[in-house]
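Structure file target_21.pdb (PDB, C-alpha atoms) is printed below.
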```pdb
ATOM      1  CA  MET A   1       1.063  75.448  80.341  1.00  0.00           C
ATOM      2  CA  ASP A   2       4.216  74.638  78.452  1.00  0.00           C
ATOM      3  CA  LEU A   3       5.722  75.937  75.206  1.00  0.00           C
ATOM      4  CA  GLU A   4       3.946  73.335  73.061  1.00  0.00           C
ATOM      5  CA  LEU A   5       0.477  74.103  74.468  1.00  0.00           C
ATOM      6  CA  ALA A   6       1.136  77.839  74.168  1.00  0.00           C
ATOM      7  CA  ARG A   7       2.084  77.339  70.501  1.00  0.00           C
ATOM      8  CA  LYS A   8      -1.119  75.356  69.891  1.00  0.00           C
ATOM      9  CA  THR A   9      -3.150  78.119  71.519  1.00  0.00           C
ATOM     10  CA  LEU A  10      -1.519  80.720  69.283  1.00  0.00           C
ATOM     11  CA  ALA A  11      -2.073  78.546  66.191  1.00  0.00           C
ATOM     12  CA  ALA A  12      -5.782  78.307  67.077  1.00  0.00           C
ATOM     13  CA  GLN A  13      -6.136  82.074  66.493  1.00  0.00           C
ATOM     14  CA  PRO A  14      -6.986  82.733  62.830  1.00  0.00           C
ATOM     15  CA  PHE A  15      -5.538  86.258  62.959  1.00  0.00           C
ATOM     16  CA  SER A  16      -2.232  84.984  64.374  1.00  0.00           C
ATOM     17  CA  ARG A  17      -2.039  82.463  61.543  1.00  0.00           C
ATOM     18  CA  LEU A  18      -2.795  85.214  59.010  1.00  0.00           C
ATOM     19  CA  LEU A  19       0.119  87.281  60.328  1.00  0.00           C
ATOM     20  CA  GLY A  20       2.431  84.269  60.557  1.00  0.00           C
ATOM     21  CA  ALA A  21       3.135  84.804  64.255  1.00  0.00           C
ATOM     22  CA  ARG A  22       5.349  82.290  66.024  1.00  0.00           C
ATOM     23  CA  LEU A  23       6.094  81.798  69.684  1.00  0.00           C
ATOM     24  CA  THR A  24       9.849  81.455  70.212  1.00  0.00           C
ATOM     25  CA  ALA A  25      10.088  81.499  74.020  1.00  0.00           C
ATOM     26  CA  PHE A  26       7.706  80.716  76.890  1.00  0.00           C
ATOM     27  CA  GLY A  27       8.377  80.261  80.587  1.00  0.00           C
ATOM     28  CA  ASP A  28       9.302  81.764  83.947  1.00  0.00           C
ATOM     29  CA  GLY A  29       7.127  84.855  83.567  1.00  0.00           C
ATOM     30  CA  GLU A  30       8.325  85.693  80.050  1.00  0.00           C
ATOM     31  CA  ALA A  31       7.319  85.086  76.451  1.00  0.00           C
ATOM     32  CA  THR A  32       8.631  86.073  73.028  1.00  0.00           C
ATOM     33  CA  LEU A  33       6.595  86.243  69.826  1.00  0.00           C
ATOM     34  CA  GLU A  34       8.022  86.938  66.370  1.00  0.00           C
ATOM     35  CA  LEU A  35       6.715  87.551  62.905  1.00  0.00           C
ATOM     36  CA  ASP A  36       8.360  88.274  59.589  1.00  0.00           C
ATOM     37  CA  ILE A  37       7.943  91.828  58.374  1.00  0.00           C
ATOM     38  CA  ARG A  38       6.204  91.693  54.999  1.00  0.00           C
ATOM     39  CA  GLU A  39       4.997  94.378  52.625  1.00  0.00           C
ATOM     40  CA  ASP A  40       1.346  93.663  53.426  1.00  0.00           C
ATOM     41  CA  LEU A  41       1.985  94.550  57.110  1.00  0.00           C
ATOM     42  CA  LEU A  42       3.260  98.049  56.336  1.00  0.00           C
ATOM     43  CA  GLN A  43       1.497 101.385  56.353  1.00  0.00           C
ATOM     44  CA  GLN A  44       1.799 104.028  53.624  1.00  0.00           C
ATOM     45  CA  TYR A  45       5.245 105.272  54.744  1.00  0.00           C
ATOM     46  CA  GLY A  46       6.804 101.803  54.659  1.00  0.00           C
ATOM     47  CA  PHE A  47       6.796 101.189  58.431  1.00  0.00           C
ATOM     48  CA  VAL A  48       5.128  98.262  60.199  1.00  0.00           C
ATOM     49  CA  HIS A  49       1.534  99.305  60.861  1.00  0.00           C
ATOM     50  CA  GLY A  50       0.775 100.288  64.458  1.00  0.00           C
ATOM     51  CA  GLY A  51      -2.036  97.748  64.551  1.00  0.00           C
ATOM     52  CA  VAL A  52       0.487  94.968  63.926  1.00  0.00           C
ATOM     53  CA  LEU A  53       2.649  96.269  66.784  1.00  0.00           C
ATOM     54  CA  SER A  54      -0.405  96.426  69.053  1.00  0.00           C
ATOM     55  CA  TYR A  55      -1.404  92.886  68.078  1.00  0.00           C
ATOM     56  CA  ALA A  56       2.086  91.610  68.923  1.00  0.00           C
ATOM     57  CA  ALA A  57       2.084  93.396  72.276  1.00  0.00           C
ATOM     58  CA  ASP A  58      -1.440  92.225  73.160  1.00  0.00           C
ATOM     59  CA  ASN A  59      -0.766  88.559  72.470  1.00  0.00           C
ATOM     60  CA  THR A  60       2.698  88.497  73.999  1.00  0.00           C
ATOM     61  CA  LEU A  61       1.526  90.204  77.204  1.00  0.00           C
ATOM     62  CA  THR A  62      -1.184  87.584  77.660  1.00  0.00           C
ATOM     63  CA  ILE A  63       1.111  84.690  76.762  1.00  0.00           C
ATOM     64  CA  ALA A  64       3.675  85.884  79.337  1.00  0.00           C
ATOM     65  CA  ALA A  65       0.892  86.013  81.941  1.00  0.00           C
ATOM     66  CA  ALA A  66      -0.025  82.424  81.066  1.00  0.00           C
ATOM     67  CA  THR A  67       3.437  81.305  82.200  1.00  0.00           C
ATOM     68  CA  VAL A  68       2.440  82.101  85.782  1.00  0.00           C
ATOM     69  CA  ALA A  69      -1.352  81.703  85.690  1.00  0.00           C
ATOM     70  CA  GLY A  70      -2.078  79.059  83.047  1.00  0.00           C
ATOM     71  CA  PRO A  71      -4.886  79.361  80.496  1.00  0.00           C
ATOM     72  CA  GLY A  72      -8.079  81.280  81.150  1.00  0.00           C
ATOM     73  CA  LEU A  73      -6.754  84.802  80.606  1.00  0.00           C
ATOM     74  CA  ILE A  74      -7.801  87.792  78.560  1.00  0.00           C
ATOM     75  CA  THR A  75      -6.300  91.233  78.061  1.00  0.00           C
ATOM     76  CA  SER A  76      -8.363  93.797  79.962  1.00  0.00           C
ATOM     77  CA  GLY A  77      -6.348  96.791  78.808  1.00  0.00           C
ATOM     78  CA  LEU A  78      -3.056  97.880  77.351  1.00  0.00           C
ATOM     79  CA  THR A  79      -1.135 101.012  76.531  1.00  0.00           C
ATOM     80  CA  ILE A  80       1.522 101.276  73.873  1.00  0.00           C
ATOM     81  CA  ASP A  81       4.079 103.952  73.123  1.00  0.00           C
ATOM     82  CA  TYR A  82       5.569 104.029  69.638  1.00  0.00           C
ATOM     83  CA  LEU A  83       9.193 105.141  69.961  1.00  0.00           C
ATOM     84  CA  ARG A  84      10.440 105.032  66.356  1.00  0.00           C
ATOM     85  CA  PRO A  85       9.313 103.674  62.995  1.00  0.00           C
ATOM     86  CA  ALA A  86       9.386  99.879  62.858  1.00  0.00           C
ATOM     87  CA  THR A  87      11.489  98.687  59.937  1.00  0.00           C
ATOM     88  CA  GLY A  88      13.575  95.571  59.427  1.00  0.00           C
ATOM     89  CA  GLU A  89      13.075  91.900  58.707  1.00  0.00           C
ATOM     90  CA  ILE A  90      11.594  90.534  61.940  1.00  0.00           C
ATOM     91  CA  LEU A  91       9.269  92.030  64.528  1.00  0.00           C
ATOM     92  CA  ARG A  92      10.012  90.619  67.987  1.00  0.00           C
ATOM     93  CA  ALA A  93       7.796  91.176  71.033  1.00  0.00           C
ATOM     94  CA  HIS A  94       9.213  90.167  74.408  1.00  0.00           C
ATOM     95  CA  ALA A  95       6.960  90.401  77.466  1.00  0.00           C
ATOM     96  CA  GLN A  96       7.551  89.780  81.129  1.00  0.00           C
ATOM     97  CA  VAL A  97       5.291  89.602  84.149  1.00  0.00           C
ATOM     98  CA  ILE A  98       5.708  92.583  86.466  1.00  0.00           C
ATOM     99  CA  ARG A  99       3.173  91.518  89.095  1.00  0.00           C
ATOM    100  CA  ALA A 100       0.906  88.492  89.259  1.00  0.00           C
ATOM    101  CA  GLY A 101      -2.132  88.963  91.457  1.00  0.00           C
ATOM    102  CA  ARG A 102      -5.062  86.629  92.033  1.00  0.00           C
ATOM    103  CA  THR A 103      -7.381  88.293  89.490  1.00  0.00           C
ATOM    104  CA  ARG A 104      -5.046  90.545  87.493  1.00  0.00           C
ATOM    105  CA  ILE A 105      -1.555  90.246  86.072  1.00  0.00           C
ATOM    106  CA  VAL A 106       0.473  93.265  84.974  1.00  0.00           C
ATOM    107  CA  CYS A 107       3.028  92.735  82.202  1.00  0.00           C
ATOM    108  CA  ARG A 108       5.440  94.853  80.163  1.00  0.00           C
ATOM    109  CA  CYS A 109       6.379  94.253  76.523  1.00  0.00           C
ATOM    110  CA  ASP A 110       9.310  95.556  74.489  1.00  0.00           C
ATOM    111  CA  LEU A 111       8.842  95.512  70.715  1.00  0.00           C
ATOM    112  CA  THR A 112      11.971  95.445  68.598  1.00  0.00           C
ATOM    113  CA  THR A 113      12.704  95.009  64.949  1.00  0.00           C
ATOM    114  CA  VAL A 114      15.659  92.946  63.790  1.00  0.00           C
ATOM    115  CA  ASP A 115      17.554  93.875  60.628  1.00  0.00           C
ATOM    116  CA  GLY A 116      19.347  91.556  58.193  1.00  0.00           C
ATOM    117  CA  ALA A 117      22.546  91.651  60.269  1.00  0.00           C
ATOM    118  CA  GLY A 118      20.641  90.593  63.417  1.00  0.00           C
ATOM    119  CA  ALA A 119      20.794  94.002  65.090  1.00  0.00           C
ATOM    120  CA  PRO A 120      17.717  94.789  67.225  1.00  0.00           C
ATOM    121  CA  THR A 121      16.099  98.235  67.417  1.00  0.00           C
ATOM    122  CA  LEU A 122      13.558  99.090  70.099  1.00  0.00           C
ATOM    123  CA  CYS A 123      10.511 100.599  68.373  1.00  0.00           C
ATOM    124  CA  ALA A 124       7.716 100.446  70.976  1.00  0.00           C
ATOM    125  CA  VAL A 125       6.941  99.567  74.588  1.00  0.00           C
ATOM    126  CA  ALA A 126       3.631  98.406  76.022  1.00  0.00           C
ATOM    127  CA  GLN A 127       2.111  97.611  79.371  1.00  0.00           C
ATOM    128  CA  GLY A 128      -0.964  95.495  79.841  1.00  0.00           C
ATOM    129  CA  ASN A 129      -3.422  94.309  82.447  1.00  0.00           C
ATOM    130  CA  ILE A 130      -4.407  90.688  82.021  1.00  0.00           C
ATOM    131  CA  ALA A 131      -7.607  89.461  83.670  1.00  0.00           C
ATOM    132  CA  VAL A 132      -7.720  85.959  85.110  1.00  0.00           C
ATOM    133  CA  THR A 133     -11.016  84.501  83.857  1.00  0.00           C
ATOM    134  CA  ALA A 134     -10.552  80.956  85.159  1.00  0.00           C
ATOM    135  CA  PRO A 135      -9.101  79.902  88.518  1.00  0.00           C
ATOM    136  CA  ARG A 136      -5.534  78.615  88.471  1.00  0.00           C
TER     137      ARG A 136
END
```
Exercise: express the given structure as structure tokens:
Amino acid sequence: MDLELARKTLAAQPFSRLLGARLTAFGDGEATLELDIREDLLQQYGFVHGGVLSYAADNTLTIAAATVAGPGLITSGLTIDYLRPATGEILRAHAQVIRAGRTRIVCRCDLTTVDGAGAPTLCAVAQGNIAVTAPR
């Protein structure tokens, strides 16, 4: 897989299109996904909803795994720890492969928000297990 195919795969997901997710980096065991923080993605206290953070982690973990295993992957489980309220202009999820096995790939994802001045703030971390559903 390359960046262009990964972007097409993301664009084929209706929910990713609804959120306006974009893939900004892909390769060498890492991937970065971004989306603009909009009012309709917030919860009642004005922070990005946890479900949006989980979505970003889930997709970015699997996309990072695809850099080493190609297509034919699915998330088999993930954990996420919310560290602070997510506020800002951009939500950025950056994932990297920790270990790539034959049938399972373990990845870590840092979720940051970026404010108007470009300053990032770490708001959550996630770890995921990605199952290889098709041979490489």
For the provided coordinates, the residues matched by the PyMOL selection byres ((chain A and resi 40-52) around 9) should be stated as a list in words.
Leu19, Ile37, Arg38, Glu39, Leu53, Ser54, Tyr55, Ala56, Ala57, Tyr82, Pro85, Ala86, Thr87, Gly88 and Leu91 of chain A
Distance in Å - atom CA of A:Leu23 versus atom CA of A:Ala11
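Atom CA of A:Ala11 lies at a distance of 9.5 Å from atom CA of A:Leu23.
Applied to the shown file, the PyMOL selection byres ((chain A and resi 121) around 9) selects the residues A:Arg84, A:Ala86, A:Thr87, A:Gly88, A:Leu111, A:Thr112, A:Thr113, A:Val114, A:Asp115, A:Ala119, A:Pro120, A:Leu122, A:Cys123.
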Point (-4.8, 86.4, 63.6), cut-off 12 Å, counting all atoms listed in the file, residues as a short mmCIF file (atom, residue, chain, number, x, y, z; two decimals) with C-alpha atoms, in the frame of the given file:
```cif
data_model
loop_
_atom_site.label_atom_id
_atom_site.label_comp_id
_atom_site.auth_asym_id
_atom_site.auth_seq_id
_atom_site.Cartn_x
_atom_site.Cartn_y
_atom_site.Cartn_z
CA THR A 9 -3.15 78.12 71.52
CA LEU A 10 -1.52 80.72 69.28
CA ALA A 11 -2.07 78.55 66.19
CA ALA A 12 -5.78 78.31 67.08
CA GLN A 13 -6.14 82.07 66.49
CA PRO A 14 -6.99 82.73 62.83
CA PHE A 15 -5.54 86.26 62.96
CA SER A 16 -2.23 84.98 64.37
CA ARG A 17 -2.04 82.46 61.54
CA LEU A 18 -2.80 85.21 59.01
CA LEU A 19 0.12 87.28 60.33
CA GLY A 20 2.43 84.27 60.56
CA ALA A 21 3.14 84.80 64.26
CA ARG A 22 5.35 82.29 66.02
CA LEU A 35 6.72 87.55 62.90
CA GLY A 51 -2.04 97.75 64.55
CA VAL A 52 0.49 94.97 63.93
CA TYR A 55 -1.40 92.89 68.08
CA ALA A 56 2.09 91.61 68.92
CA ASP A 58 -1.44 92.22 73.16
CA ASN A 59 -0.77 88.56 72.47
#
```
Translate the PyMOL selection byres ((chain A and resi 75) around 10), as applied to the file shown, into an explicit residue set as a list in words.
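Selected by the PyMOL selection byres ((chain A and resi 75) around 10) in this file: Asp58, Asn59, Leu61, Thr62, Ile63, Ala65, Leu73, Ile74, Ser76, Gly77, Leu78, Arg104, Ile105, Val106, Gly128, Asn129, Ile130, Ala131 and Val132 of chain A.
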Straight-line distance linking atom CA of A:Cys107 with atom CA of A:Arg7, stated in Å to one decimal:
19.4 Å
Selected residue, from A:Ile90, A:Leu33, A:Val68, A:Met1, that lies nearest to A:Gly118 when counting all atoms listed in the file
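Among the listed residues, the smallest separation from A:Gly118 belongs to A:Ile90.
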For atom CA of A:Glu34 and atom CA of A:Cys109, determine how far apart the two atoms are, in Å to one decimal place.
12.6 Å
Proximity to A:Ala124 - best of A:His94, A:Glu89, A:Phe26, A:Leu3, only C-alpha atoms:
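That would be A:His94, the residue with the smallest distance to A:Ala124.
In terms of minimum interatomic distance to A:Thr133, A:Ala69 ranks closest within A:Ala31, A:Ala25, A:Leu5, A:Ala69, counting all atoms listed in the file.
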Could you rebuild stretch 63-74 of chain A with all heavy atoms and give it back as a PDB file, in the coordinates of the input?
```
ATOM      1  N   ILE A  63       0.362  85.951  76.747  1.00  0.00           N
ATOM      2  CA  ILE A  63       1.111  84.690  76.762  1.00  0.00           C
ATOM      3  C   ILE A  63       2.105  84.683  77.925  1.00  0.00           C
ATOM      4  O   ILE A  63       2.276  83.664  78.603  1.00  0.00           O
ATOM      5  CB  ILE A  63       1.793  84.453  75.406  1.00  0.00           C
ATOM      6  CG1 ILE A  63       0.733  84.209  74.318  1.00  0.00           C
ATOM      7  CG2 ILE A  63       2.747  83.265  75.488  1.00  0.00           C
ATOM      8  CD1 ILE A  63       1.277  84.260  72.892  1.00  0.00           C
ATOM      9  N   ALA A  64       2.766  85.811  78.188  1.00  0.00           N
ATOM     10  CA  ALA A  64       3.675  85.884  79.337  1.00  0.00           C
ATOM     11  C   ALA A  64       2.905  85.640  80.637  1.00  0.00           C
ATOM     12  O   ALA A  64       3.374  84.907  81.520  1.00  0.00           O
ATOM     13  CB  ALA A  64       4.382  87.239  79.373  1.00  0.00           C
ATOM     14  N   ALA A  65       1.714  86.220  80.743  1.00  0.00           N
ATOM     15  CA  ALA A  65       0.892  86.013  81.941  1.00  0.00           C
ATOM     16  C   ALA A  65       0.528  84.537  82.115  1.00  0.00           C
ATOM     17  O   ALA A  65       0.472  84.027  83.237  1.00  0.00           O
ATOM     18  CB  ALA A  65      -0.368  86.872  81.867  1.00  0.00           C
ATOM     19  N   ALA A  66       0.326  83.847  80.994  1.00  0.00           N
ATOM     20  CA  ALA A  66      -0.025  82.424  81.066  1.00  0.00           C
ATOM     21  C   ALA A  66       1.098  81.582  81.656  1.00  0.00           C
ATOM     22  O   ALA A  66       0.850  80.491  82.173  1.00  0.00           O
ATOM     23  CB  ALA A  66      -0.396  81.908  79.677  1.00  0.00           C
ATOM     24  N   THR A  67       2.331  82.071  81.623  1.00  0.00           N
ATOM     25  CA  THR A  67       3.437  81.305  82.200  1.00  0.00           C
ATOM     26  C   THR A  67       3.325  81.196  83.716  1.00  0.00           C
ATOM     27  O   THR A  67       3.867  80.280  84.305  1.00  0.00           O
ATOM     28  CB  THR A  67       4.823  81.905  81.847  1.00  0.00           C
ATOM     29  OG1 THR A  67       4.996  83.150  82.526  1.00  0.00           O
ATOM     30  CG2 THR A  67       5.019  82.063  80.354  1.00  0.00           C
ATOM     31  N   VAL A  68       2.601  82.142  84.328  1.00  0.00           N
ATOM     32  CA  VAL A  68       2.440  82.101  85.782  1.00  0.00           C
ATOM     33  C   VAL A  68       1.019  81.756  86.214  1.00  0.00           C
ATOM     34  O   VAL A  68       0.804  81.371  87.363  1.00  0.00           O
ATOM     35  CB  VAL A  68       2.881  83.433  86.440  1.00  0.00           C
ATOM     36  CG1 VAL A  68       4.350  83.700  86.171  1.00  0.00           C
ATOM     37  CG2 VAL A  68       2.033  84.600  85.989  1.00  0.00           C
ATOM     38  N   ALA A  69       0.045  81.907  85.307  1.00  0.00           N
ATOM     39  CA  ALA A  69      -1.352  81.703  85.690  1.00  0.00           C
ATOM     40  C   ALA A  69      -2.055  80.608  84.907  1.00  0.00           C
ATOM     41  O   ALA A  69      -3.189  80.269  85.217  1.00  0.00           O
ATOM     42  CB  ALA A  69      -2.133  83.006  85.537  1.00  0.00           C
ATOM     43  N   GLY A  70      -1.425  80.069  83.874  1.00  0.00           N
ATOM     44  CA  GLY A  70      -2.078  79.059  83.047  1.00  0.00           C
ATOM     45  C   GLY A  70      -3.087  79.688  82.104  1.00  0.00           C
ATOM     46  O   GLY A  70      -3.155  80.908  81.969  1.00  0.00           O
ATOM     47  N   PRO A  71      -3.884  78.837  81.439  1.00  0.00           N
ATOM     48  CA  PRO A  71      -4.886  79.361  80.496  1.00  0.00           C
ATOM     49  C   PRO A  71      -6.029  80.035  81.251  1.00  0.00           C
ATOM     50  O   PRO A  71      -6.064  80.032  82.469  1.00  0.00           O
ATOM     51  CB  PRO A  71      -5.349  78.106  79.758  1.00  0.00           C
ATOM     52  CG  PRO A  71      -5.089  76.998  80.710  1.00  0.00           C
ATOM     53  CD  PRO A  71      -3.882  77.388  81.515  1.00  0.00           C
ATOM     54  N   GLY A  72      -6.951  80.596  80.524  1.00  0.00           N
ATOM     55  CA  GLY A  72      -8.079  81.280  81.150  1.00  0.00           C
ATOM     56  C   GLY A  72      -7.759  82.731  81.441  1.00  0.00           C
ATOM     57  O   GLY A  72      -8.052  83.239  82.511  1.00  0.00           O
ATOM     58  N   LEU A  73      -7.150  83.397  80.460  1.00  0.00           N
ATOM     59  CA  LEU A  73      -6.754  84.802  80.606  1.00  0.00           C
ATOM     60  C   LEU A  73      -7.270  85.603  79.424  1.00  0.00           C
ATOM     61  O   LEU A  73      -7.473  85.067  78.339  1.00  0.00           O
ATOM     62  CB  LEU A  73      -5.227  84.920  80.628  1.00  0.00           C
ATOM     63  CG  LEU A  73      -4.471  84.125  81.672  1.00  0.00           C
ATOM     64  CD1 LEU A  73      -2.973  84.207  81.409  1.00  0.00           C
ATOM     65  CD2 LEU A  73      -4.807  84.618  83.060  1.00  0.00           C
ATOM     66  N   ILE A  74      -7.440  86.893  79.647  1.00  0.00           N
ATOM     67  CA  ILE A  74      -7.801  87.792  78.560  1.00  0.00           C
ATOM     68  C   ILE A  74      -7.253  89.184  78.883  1.00  0.00           C
ATOM     69  O   ILE A  74      -7.224  89.589  80.042  1.00  0.00           O
ATOM     70  CB  ILE A  74      -9.333  87.828  78.324  1.00  0.00           C
ATOM     71  CG1 ILE A  74      -9.667  88.507  77.006  1.00  0.00           C
ATOM     72  CG2 ILE A  74     -10.059  88.459  79.493  1.00  0.00           C
ATOM     73  CD1 ILE A  74     -11.070  88.219  76.509  1.00  0.00           C
TER      74      ILE A  74
END
```
